[in-house]
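Asks: To be precise about what I am sending: the file is called my_file-v9.cif and holds mmCIF, C-alpha atoms and all ligand atoms.
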data_query
loop_
_atom_site.label_atom_id
_atom_site.label_comp_id
_atom_site.auth_asym_id
_atom_site.auth_seq_id
_atom_site.Cartn_x
_atom_site.Cartn_y
_atom_site.Cartn_z
CA MET R 1 162.31 159.84 64.03
CA SER R 2 162.90 156.34 65.34
CA ASN R 3 159.71 154.39 65.78
CA LYS R 4 161.11 152.65 68.85
CA ASN R 5 159.69 153.33 72.28
CA ILE R 6 156.90 155.67 71.28
CA ILE R 7 154.98 157.36 74.08
CA VAL R 8 151.46 158.68 73.54
CA ALA R 9 150.46 161.02 76.38
CA ILE R 10 146.72 161.67 76.75
CA ASP R 11 145.74 164.30 79.30
CA GLY R 12 142.50 166.05 80.00
CA TYR R 13 139.58 166.71 82.27
CA SER R 14 137.71 164.13 84.35
CA SER R 15 135.24 161.89 82.54
CA CYS R 16 136.27 162.98 79.08
CA GLY R 17 136.65 159.44 77.84
CA LYS R 18 140.45 159.54 77.96
CA SER R 19 140.75 155.91 78.98
CA THR R 20 138.31 154.76 76.29
CA VAL R 21 140.31 156.34 73.50
CA ALA R 22 143.65 155.41 75.12
CA LYS R 23 142.63 151.75 75.43
CA ALA R 24 141.35 151.61 71.85
CA LEU R 25 144.57 153.15 70.56
CA ALA R 26 146.77 150.79 72.59
CA LYS R 27 144.79 147.82 71.30
CA GLU R 28 145.02 148.97 67.69
CA LEU R 29 148.77 149.59 67.86
CA HIS R 30 149.64 146.77 70.31
CA TYR R 31 151.06 149.29 72.75
CA VAL R 32 150.94 148.94 76.53
CA TYR R 33 148.14 150.96 78.13
CA VAL R 34 148.59 152.64 81.52
CA ASP R 35 145.74 154.40 83.33
CA SER R 36 147.61 156.75 85.68
CA GLY R 37 144.33 157.90 87.27
CA ALA R 38 143.75 154.33 88.42
CA MET R 39 147.07 154.51 90.26
CA TYR R 40 145.99 157.68 92.12
CA ARG R 41 142.65 156.06 92.84
CA ALA R 42 144.26 152.90 94.24
CA VAL R 43 146.46 154.98 96.55
CA THR R 44 143.35 156.90 97.64
CA LEU R 45 141.54 153.65 98.38
CA TYR R 46 144.45 152.47 100.52
CA PHE R 47 144.45 155.80 102.40
CA LEU R 48 140.71 155.55 103.03
CA ARG R 49 140.83 151.95 104.18
CA ASN R 50 143.71 152.67 106.53
CA ASN R 51 142.48 156.06 107.77
CA ILE R 52 145.67 157.72 106.65
CA ASP R 53 145.95 161.28 107.92
CA ILE R 54 146.94 163.10 104.74
CA THR R 55 148.12 166.13 106.71
CA ASN R 56 150.82 164.02 108.37
CA ILE R 57 153.66 163.66 105.86
CA GLY R 58 155.44 160.95 107.89
CA VAL R 59 152.31 158.80 107.87
CA VAL R 60 151.81 159.45 104.14
CA ASP R 61 155.41 158.46 103.35
CA GLN R 62 155.12 155.26 105.36
CA ALA R 63 151.85 154.41 103.62
CA LEU R 64 153.49 154.98 100.22
CA GLU R 65 156.18 152.49 101.16
CA ASP R 66 153.53 149.96 102.10
CA ILE R 67 151.66 150.30 98.83
CA HIS R 68 152.52 148.05 95.92
CA LEU R 69 150.65 148.64 92.70
CA ASP R 70 150.57 146.29 89.80
CA SER R 71 148.60 146.24 86.60
CA HIS R 72 148.06 143.56 84.02
CA LYS R 73 145.47 142.25 81.63
CA GLU R 74 143.07 139.46 82.55
CA ALA R 75 140.83 138.14 79.80
CA GLY R 76 141.65 141.23 77.74
CA VAL R 77 140.73 143.68 80.51
CA THR R 78 143.39 145.82 82.21
CA LYS R 79 143.16 145.33 85.97
CA ILE R 80 144.84 147.18 88.81
CA PHE R 81 146.05 145.41 91.93
CA LEU R 82 146.64 147.04 95.30
CA ASN R 83 148.99 144.85 97.34
CA GLY R 84 147.85 141.89 95.30
CA GLU R 85 144.09 142.58 95.53
CA ASP R 86 142.12 143.38 92.39
CA VAL R 87 140.61 146.81 93.13
CA SER R 88 139.67 147.71 89.54
CA GLU R 89 135.97 148.02 90.36
CA GLU R 90 136.19 149.58 93.82
CA ILE R 91 138.42 152.45 92.73
CA ARG R 92 135.61 153.70 90.42
CA GLN R 93 133.13 154.15 93.28
CA MET R 94 132.11 157.59 94.45
CA HIS R 95 133.81 157.41 97.86
CA VAL R 96 137.12 157.13 96.02
CA SER R 97 136.20 159.81 93.44
CA GLU R 98 135.34 162.20 96.25
CA ASN R 99 138.76 161.87 97.87
CA VAL R 100 141.13 161.33 94.99
CA SER R 101 141.74 165.02 94.22
CA ALA R 102 143.00 165.69 97.73
CA VAL R 103 145.29 162.65 97.65
CA SER R 104 146.63 163.39 94.19
CA ALA R 105 147.52 166.93 95.26
CA ILE R 106 150.10 165.61 97.76
CA ARG R 107 153.62 166.17 96.50
CA ASN R 108 155.10 162.89 97.77
CA VAL R 109 152.22 160.88 96.35
CA ARG R 110 152.90 162.43 92.95
CA LYS R 111 156.64 161.91 93.23
CA ALA R 112 156.20 158.22 93.98
CA LEU R 113 153.70 157.60 91.20
CA VAL R 114 155.50 159.67 88.56
CA LYS R 115 158.65 157.63 89.22
CA GLN R 116 156.75 154.39 88.66
CA GLN R 117 155.11 155.77 85.52
CA GLN R 118 158.40 156.89 84.02
CA LYS R 119 159.86 153.44 84.62
CA MET R 120 156.96 151.88 82.72
CA GLY R 121 157.73 154.02 79.68
CA SER R 122 161.46 153.47 79.65
CA ARG R 123 161.50 150.49 77.31
CA LYS R 124 158.04 150.07 75.82
CA ASN R 125 155.69 151.63 73.33
CA LEU R 126 153.01 152.95 75.57
CA VAL R 127 149.80 154.96 75.81
CA MET R 128 149.30 156.62 79.18
CA ASP R 129 146.39 158.81 80.19
CA GLY R 130 146.11 161.24 83.09
CA ARG R 131 146.53 164.89 83.95
CA ASP R 132 150.27 165.54 83.80
CA ILE R 133 151.54 162.92 81.38
CA GLY R 134 152.55 165.31 78.58
CA THR R 135 153.80 167.98 80.98
CA THR R 136 155.57 166.17 83.84
CA VAL R 137 155.74 162.41 83.36
CA PHE R 138 156.80 162.37 79.70
CA PRO R 139 157.55 165.94 78.58
CA HIS R 140 159.29 164.44 75.54
CA ALA R 141 156.43 162.17 74.47
CA GLN R 142 156.24 161.99 70.68
CA VAL R 143 152.43 162.34 70.71
CA LYS R 144 150.50 164.54 73.13
CA ILE R 145 146.74 164.82 73.17
CA PHE R 146 144.73 167.13 75.41
CA MET R 147 141.12 165.98 75.74
CA THR R 148 138.16 168.09 76.64
CA ALA R 149 134.36 167.99 76.32
CA ASP R 150 131.31 169.91 77.51
CA PRO R 151 131.00 169.33 81.30
CA LYS R 152 127.28 168.49 80.97
CA VAL R 153 128.04 165.80 78.40
CA ARG R 154 130.82 164.45 80.59
CA ALA R 155 128.49 164.27 83.62
CA GLU R 156 125.84 162.44 81.60
CA ARG R 157 128.36 159.88 80.37
CA ARG R 158 129.73 159.21 83.87
CA PHE R 159 126.20 159.11 85.34
CA LEU R 160 125.18 156.37 82.88
CA GLU R 161 128.36 154.43 83.63
CA LEU R 162 127.88 154.58 87.41
CA THR R 163 124.14 153.86 87.47
CA SER R 164 124.59 150.94 85.08
CA LYS R 165 126.84 149.45 87.77
CA GLY R 166 124.10 149.91 90.37
CA GLU R 167 125.49 153.00 92.10
CA LYS R 168 122.74 155.14 93.65
CA ILE R 169 123.54 158.64 92.58
CA THR R 170 121.94 161.63 90.89
CA LEU R 171 123.10 163.42 87.76
CA GLU R 172 123.56 166.58 89.84
CA GLU R 173 125.92 164.79 92.25
CA VAL R 174 128.01 163.51 89.36
CA PHE R 175 128.09 166.98 87.80
CA GLU R 176 129.18 168.52 91.12
CA ASN R 177 131.93 165.94 91.53
CA ILE R 178 133.25 166.59 88.03
CA ALA R 179 133.16 170.36 88.51
CA HIS R 180 134.94 169.97 91.84
CA ARG R 181 137.65 167.75 90.36
CA ASP R 182 138.13 170.10 87.38
CA TYR R 183 138.68 172.92 89.83
CA GLN R 184 141.06 170.96 92.05
CA ASP R 185 142.98 169.43 89.14
CA THR R 186 143.56 172.76 87.41
CA THR R 187 144.33 174.88 90.47
CA ARG R 188 146.50 172.60 92.59
CA GLU R 189 150.10 173.58 93.14
CA GLU R 190 151.68 170.25 92.20
CA SER R 191 151.51 169.49 88.47
CA PRO R 192 148.15 171.12 87.76
CA LEU R 193 146.20 169.95 84.75
CA ILE R 194 147.35 172.17 81.93
CA ARG R 195 147.69 171.64 78.20
CA ALA R 196 151.32 171.14 77.16
CA ASP R 197 152.26 173.71 74.50
CA ASP R 198 152.81 170.94 71.98
CA ALA R 199 149.64 168.97 72.81
CA VAL R 200 146.88 168.65 70.21
CA ILE R 201 143.36 169.39 71.48
CA LEU R 202 140.72 166.72 71.08
CA ASP R 203 137.24 168.00 71.98
CA ASN R 204 135.00 164.95 71.83
CA THR R 205 131.67 166.56 72.80
CA ASN R 206 130.23 165.58 69.44
CA MET R 207 132.48 162.71 68.42
CA ASN R 208 131.93 158.98 68.61
CA GLU R 209 134.60 156.52 69.74
CA GLU R 210 135.62 155.54 66.22
CA GLU R 211 136.11 159.18 65.22
CA GLN R 212 138.28 159.76 68.27
CA LEU R 213 140.35 156.67 67.53
CA GLN R 214 140.93 157.84 63.96
CA PHE R 215 141.95 161.26 65.24
CA VAL R 216 144.62 159.91 67.59
CA LEU R 217 145.80 157.31 65.08
CA GLY R 218 146.34 160.20 62.67
CA GLU R 219 148.53 161.93 65.26
CA VAL R 220 150.61 158.79 65.82
CA GLU R 221 151.03 158.34 62.06
CA LYS R 222 152.57 161.81 61.86
CA VAL R 223 155.40 160.55 64.08
CA HIS R 224 156.20 157.84 61.55
CA ALA R 225 155.88 160.17 58.55
O1 LIG R 301 141.36 159.93 85.35
P1 LIG R 301 140.65 159.71 86.67
O2 LIG R 301 139.37 160.50 86.83
O3 LIG R 301 140.46 158.27 87.00
O4 LIG R 301 141.68 160.30 87.74
C1 LIG R 301 141.38 160.32 89.11
C2 LIG R 301 142.01 161.51 89.78
O5 LIG R 301 143.42 161.35 89.83
C3 LIG R 301 141.74 162.87 89.16
O6 LIG R 301 140.76 163.58 89.87
C4 LIG R 301 143.06 163.59 89.23
C5 LIG R 301 144.08 162.56 89.59
N1 LIG R 301 145.11 162.33 88.57
C6 LIG R 301 146.23 163.11 88.62
O7 LIG R 301 146.31 164.01 89.45
N2 LIG R 301 147.24 162.90 87.75
C7 LIG R 301 147.17 161.93 86.83
N3 LIG R 301 148.20 161.73 86.00
C8 LIG R 301 146.01 161.13 86.75
C9 LIG R 301 144.99 161.35 87.63
#
Would you mind writing the file's structure down as structure tokens?
Replies:
Amino acid sequence: MSNKNIIVAIDGYSSCGKSTVAKALAKELHYVYVDSGAMYRAVTLYFLRNNIDITNIGVVDQALEDIHLDSHKEAGVTKIFLNGEDVSEEIRQMHVSENVSAVSAIRNVRKALVKQQQKMGSRKNLVMDGRDIGTTVFPHAQVKIFMTADPKVRAERRFLELTSKGEKITLEEVFENIAHRDYQDTTREESPLIRADDAVILDNTNMNEEEQLQFVLGEVEKVHA
């Protein structure tokens, strides 16, 4: 197989550490990294700020036209910009997490973002993480990983991340949010989270970051073999 324009699709449940492993892999291989969840979060933030009525499709479509997303690295860190504003931190806050499932279930939101994502992968080697990357965005990706981990372990990891940033929240609230998003992500009508038939499972409950990196590197090497 040609080693040009390789796509690594990493899908999986919320707070599984998808972006950590995806970023490490992109860095190691000098591929572009795209966090598709950040795109859904940025759209959600715009909807919240502008009180967009998500039941009104005309309003949603107009909002989508008014949203311009951009992502690039600053000092080695991938940032996401919503109409020119760096929203990388704000999109991680709980008010966004609580609303992102509902926004990402909207068909026209998905259509708009999937189109942008596919464009990003048209000419570059790329690692993209999300929920539907191996199934909908890049069904022909050369490498597909499906990540999972014990929900309790996932909640603990996200809890530590949020509280270290000063967010006032309990472990139970984080656990509830993760369980809620798992439910919504796997049961929604539009592109539900599902393992692609050809995706390799990576359960990282008991794995450190280096072990996960080696695992995915091994999968990419198979493409070159
Ligand atoms: O990966 P994350 O937790 O930052 O993603 C935020 C939300 O966006 C998640 O609850 C589901 C949604 N999402 C999606 O529907 N499709 C994607 N490709 C990525 C994220």
Asks: I need the residue nearest ligand LIG 301 (chain R) from this list: R:Val153, R:Ile194, R:Val100, R:Ile201. Use only C-alpha atoms and all ligand atoms for the distance.
Replies: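 Among the listed residues, R:Val100 lies closest to ligand LIG 301 (chain R).
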Asks: May I have the residues at most 12 Å from (150.8, 150.8, 78.2) in the file's coordinates, counting only C-alpha atoms, as a ChimeraX atom specification?
Replies: /R:5-10,19,22-27,29-36,71-73,78,117-129
Asks: Export, as a PDB file, in the coordinates of the input, the selected residues with C-alpha atoms.
Replies:
ATOM      1  CA  ASN R   5     159.690 153.330  72.280  1.00  0.00           C
ATOM      2  CA  ILE R   6     156.900 155.670  71.280  1.00  0.00           C
ATOM      3  CA  ILE R   7     154.980 157.360  74.080  1.00  0.00           C
ATOM      4  CA  VAL R   8     151.460 158.680  73.540  1.00  0.00           C
ATOM      5  CA  ALA R   9     150.460 161.020  76.380  1.00  0.00           C
ATOM      6  CA  ILE R  10     146.720 161.670  76.750  1.00  0.00           C
ATOM      7  CA  SER R  19     140.750 155.910  78.980  1.00  0.00           C
ATOM      8  CA  ALA R  22     143.650 155.410  75.120  1.00  0.00           C
ATOM      9  CA  LYS R  23     142.630 151.750  75.430  1.00  0.00           C
ATOM     10  CA  ALA R  24     141.350 151.610  71.850  1.00  0.00           C
ATOM     11  CA  LEU R  25     144.570 153.150  70.560  1.00  0.00           C
ATOM     12  CA  ALA R  26     146.770 150.790  72.590  1.00  0.00           C
ATOM     13  CA  LYS R  27     144.790 147.820  71.300  1.00  0.00           C
ATOM     14  CA  LEU R  29     148.770 149.590  67.860  1.00  0.00           C
ATOM     15  CA  HIS R  30     149.640 146.770  70.310  1.00  0.00           C
ATOM     16  CA  TYR R  31     151.060 149.290  72.750  1.00  0.00           C
ATOM     17  CA  VAL R  32     150.940 148.940  76.530  1.00  0.00           C
ATOM     18  CA  TYR R  33     148.140 150.960  78.130  1.00  0.00           C
ATOM     19  CA  VAL R  34     148.590 152.640  81.520  1.00  0.00           C
ATOM     20  CA  ASP R  35     145.740 154.400  83.330  1.00  0.00           C
ATOM     21  CA  SER R  36     147.610 156.750  85.680  1.00  0.00           C
ATOM     22  CA  SER R  71     148.600 146.240  86.600  1.00  0.00           C
ATOM     23  CA  HIS R  72     148.060 143.560  84.020  1.00  0.00           C
ATOM     24  CA  LYS R  73     145.470 142.250  81.630  1.00  0.00           C
ATOM     25  CA  THR R  78     143.390 145.820  82.210  1.00  0.00           C
ATOM     26  CA  GLN R 117     155.110 155.770  85.520  1.00  0.00           C
ATOM     27  CA  GLN R 118     158.400 156.890  84.020  1.00  0.00           C
ATOM     28  CA  LYS R 119     159.860 153.440  84.620  1.00  0.00           C
ATOM     29  CA  MET R 120     156.960 151.880  82.720  1.00  0.00           C
ATOM     30  CA  GLY R 121     157.730 154.020  79.680  1.00  0.00           C
ATOM     31  CA  SER R 122     161.460 153.470  79.650  1.00  0.00           C
ATOM     32  CA  ARG R 123     161.500 150.490  77.310  1.00  0.00           C
ATOM     33  CA  LYS R 124     158.040 150.070  75.820  1.00  0.00           C
ATOM     34  CA  ASN R 125     155.690 151.630  73.330  1.00  0.00           C
ATOM     35  CA  LEU R 126     153.010 152.950  75.570  1.00  0.00           C
ATOM     36  CA  VAL R 127     149.800 154.960  75.810  1.00  0.00           C
ATOM     37  CA  MET R 128     149.300 156.620  79.180  1.00  0.00           C
ATOM     38  CA  ASP R 129     146.390 158.810  80.190  1.00  0.00           C
TER      39      ASP R 129
END
Asks: As an exercise, work out the distance from atom CA of Tyr46 of chain R to atom CA of Ala179 of chain R in Å and give it to one decimal place.
Replies: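 If I compute the distance from atom CA of Tyr46 of chain R to atom CA of Ala179 of chain R, I get 24.3 Å.
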Asks: Mind giving me the straight-line distance from atom CA of Arg154 of chain R to atom CA of Ser97 of chain R in Å, one decimal?
Replies: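 Between atom CA of Arg154 of chain R and atom CA of Ser97 of chain R the gap is 14.7 Å.
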Asks: Find, counting all atoms listed in the file, the residue in R:Asp198, R:Ala225, R:Glu211, R:Gly76 that gets nearest to Pro139 of chain R.
Replies: R:Asp198
Asks: Because some atoms of segment 143-162 of chain R are absent here, can you restore N, CA and C atoms and send them as a PDB file, in the frame of the given file?
Replies:
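The resulting file, result23.pdb, is reproduced below:
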ATOM      1  N   VAL R 143     153.817 161.949  71.011  1.00  0.00           N
ATOM      2  CA  VAL R 143     152.430 162.340  70.710  1.00  0.00           C
ATOM      3  C   VAL R 143     151.774 162.813  72.008  1.00  0.00           C
ATOM      4  N   LYS R 144     151.195 164.018  71.954  1.00  0.00           N
ATOM      5  CA  LYS R 144     150.500 164.540  73.130  1.00  0.00           C
ATOM      6  C   LYS R 144     149.110 164.986  72.729  1.00  0.00           C
ATOM      7  N   ILE R 145     148.128 164.464  73.451  1.00  0.00           N
ATOM      8  CA  ILE R 145     146.740 164.820  73.170  1.00  0.00           C
ATOM      9  C   ILE R 145     146.156 165.445  74.429  1.00  0.00           C
ATOM     10  N   PHE R 146     145.412 166.520  74.263  1.00  0.00           N
ATOM     11  CA  PHE R 146     144.730 167.130  75.410  1.00  0.00           C
ATOM     12  C   PHE R 146     143.228 167.038  75.157  1.00  0.00           C
ATOM     13  N   MET R 147     142.546 166.230  75.987  1.00  0.00           N
ATOM     14  CA  MET R 147     141.120 165.980  75.740  1.00  0.00           C
ATOM     15  C   MET R 147     140.215 166.864  76.579  1.00  0.00           C
ATOM     16  N   THR R 148     139.147 167.291  75.944  1.00  0.00           N
ATOM     17  CA  THR R 148     138.160 168.090  76.640  1.00  0.00           C
ATOM     18  C   THR R 148     136.778 167.800  76.053  1.00  0.00           C
ATOM     19  N   ALA R 149     135.733 168.130  76.806  1.00  0.00           N
ATOM     20  CA  ALA R 149     134.360 167.990  76.320  1.00  0.00           C
ATOM     21  C   ALA R 149     133.458 168.816  77.227  1.00  0.00           C
ATOM     22  N   ASP R 150     132.298 169.146  76.730  1.00  0.00           N
ATOM     23  CA  ASP R 150     131.310 169.910  77.510  1.00  0.00           C
ATOM     24  C   ASP R 150     131.065 169.221  78.858  1.00  0.00           C
ATOM     25  N   PRO R 151     131.171 169.961  79.986  1.00  0.00           N
ATOM     26  CA  PRO R 151     131.000 169.330  81.300  1.00  0.00           C
ATOM     27  C   PRO R 151     129.650 168.612  81.465  1.00  0.00           C
ATOM     28  N   LYS R 152     128.595 169.141  80.840  1.00  0.00           N
ATOM     29  CA  LYS R 152     127.280 168.490  80.970  1.00  0.00           C
ATOM     30  C   LYS R 152     127.304 167.115  80.288  1.00  0.00           C
ATOM     31  N   VAL R 153     127.938 167.070  79.144  1.00  0.00           N
ATOM     32  CA  VAL R 153     128.040 165.800  78.400  1.00  0.00           C
ATOM     33  C   VAL R 153     128.897 164.813  79.189  1.00  0.00           C
ATOM     34  N   ARG R 154     129.953 165.312  79.793  1.00  0.00           N
ATOM     35  CA  ARG R 154     130.820 164.450  80.590  1.00  0.00           C
ATOM     36  C   ARG R 154     130.062 163.878  81.777  1.00  0.00           C
ATOM     37  N   ALA R 155     129.261 164.726  82.451  1.00  0.00           N
ATOM     38  CA  ALA R 155     128.490 164.270  83.620  1.00  0.00           C
ATOM     39  C   ALA R 155     127.476 163.203  83.199  1.00  0.00           C
ATOM     40  N   GLU R 156     126.826 163.422  82.063  1.00  0.00           N
ATOM     41  CA  GLU R 156     125.840 162.440  81.600  1.00  0.00           C
ATOM     42  C   GLU R 156     126.491 161.090  81.315  1.00  0.00           C
ATOM     43  N   ARG R 157     127.648 161.141  80.681  1.00  0.00           N
ATOM     44  CA  ARG R 157     128.360 159.880  80.370  1.00  0.00           C
ATOM     45  C   ARG R 157     128.730 159.141  81.647  1.00  0.00           C
ATOM     46  N   ARG R 158     129.297 159.862  82.638  1.00  0.00           N
ATOM     47  CA  ARG R 158     129.730 159.210  83.870  1.00  0.00           C
ATOM     48  C   ARG R 158     128.530 158.714  84.675  1.00  0.00           C
ATOM     49  N   PHE R 159     127.430 159.493  84.629  1.00  0.00           N
ATOM     50  CA  PHE R 159     126.200 159.110  85.340  1.00  0.00           C
ATOM     51  C   PHE R 159     125.695 157.755  84.805  1.00  0.00           C
ATOM     52  N   LEU R 160     125.655 157.626  83.491  1.00  0.00           N
ATOM     53  CA  LEU R 160     125.180 156.370  82.880  1.00  0.00           C
ATOM     54  C   LEU R 160     126.093 155.202  83.265  1.00  0.00           C
ATOM     55  N   GLU R 161     127.391 155.478  83.283  1.00  0.00           N
ATOM     56  CA  GLU R 161     128.360 154.430  83.630  1.00  0.00           C
ATOM     57  C   GLU R 161     128.153 153.966  85.073  1.00  0.00           C
ATOM     58  N   LEU R 162     128.007 154.929  85.991  1.00  0.00           N
ATOM     59  CA  LEU R 162     127.880 154.580  87.410  1.00  0.00           C
ATOM     60  C   LEU R 162     126.544 153.903  87.715  1.00  0.00           C
TER      61      LEU R 162
END
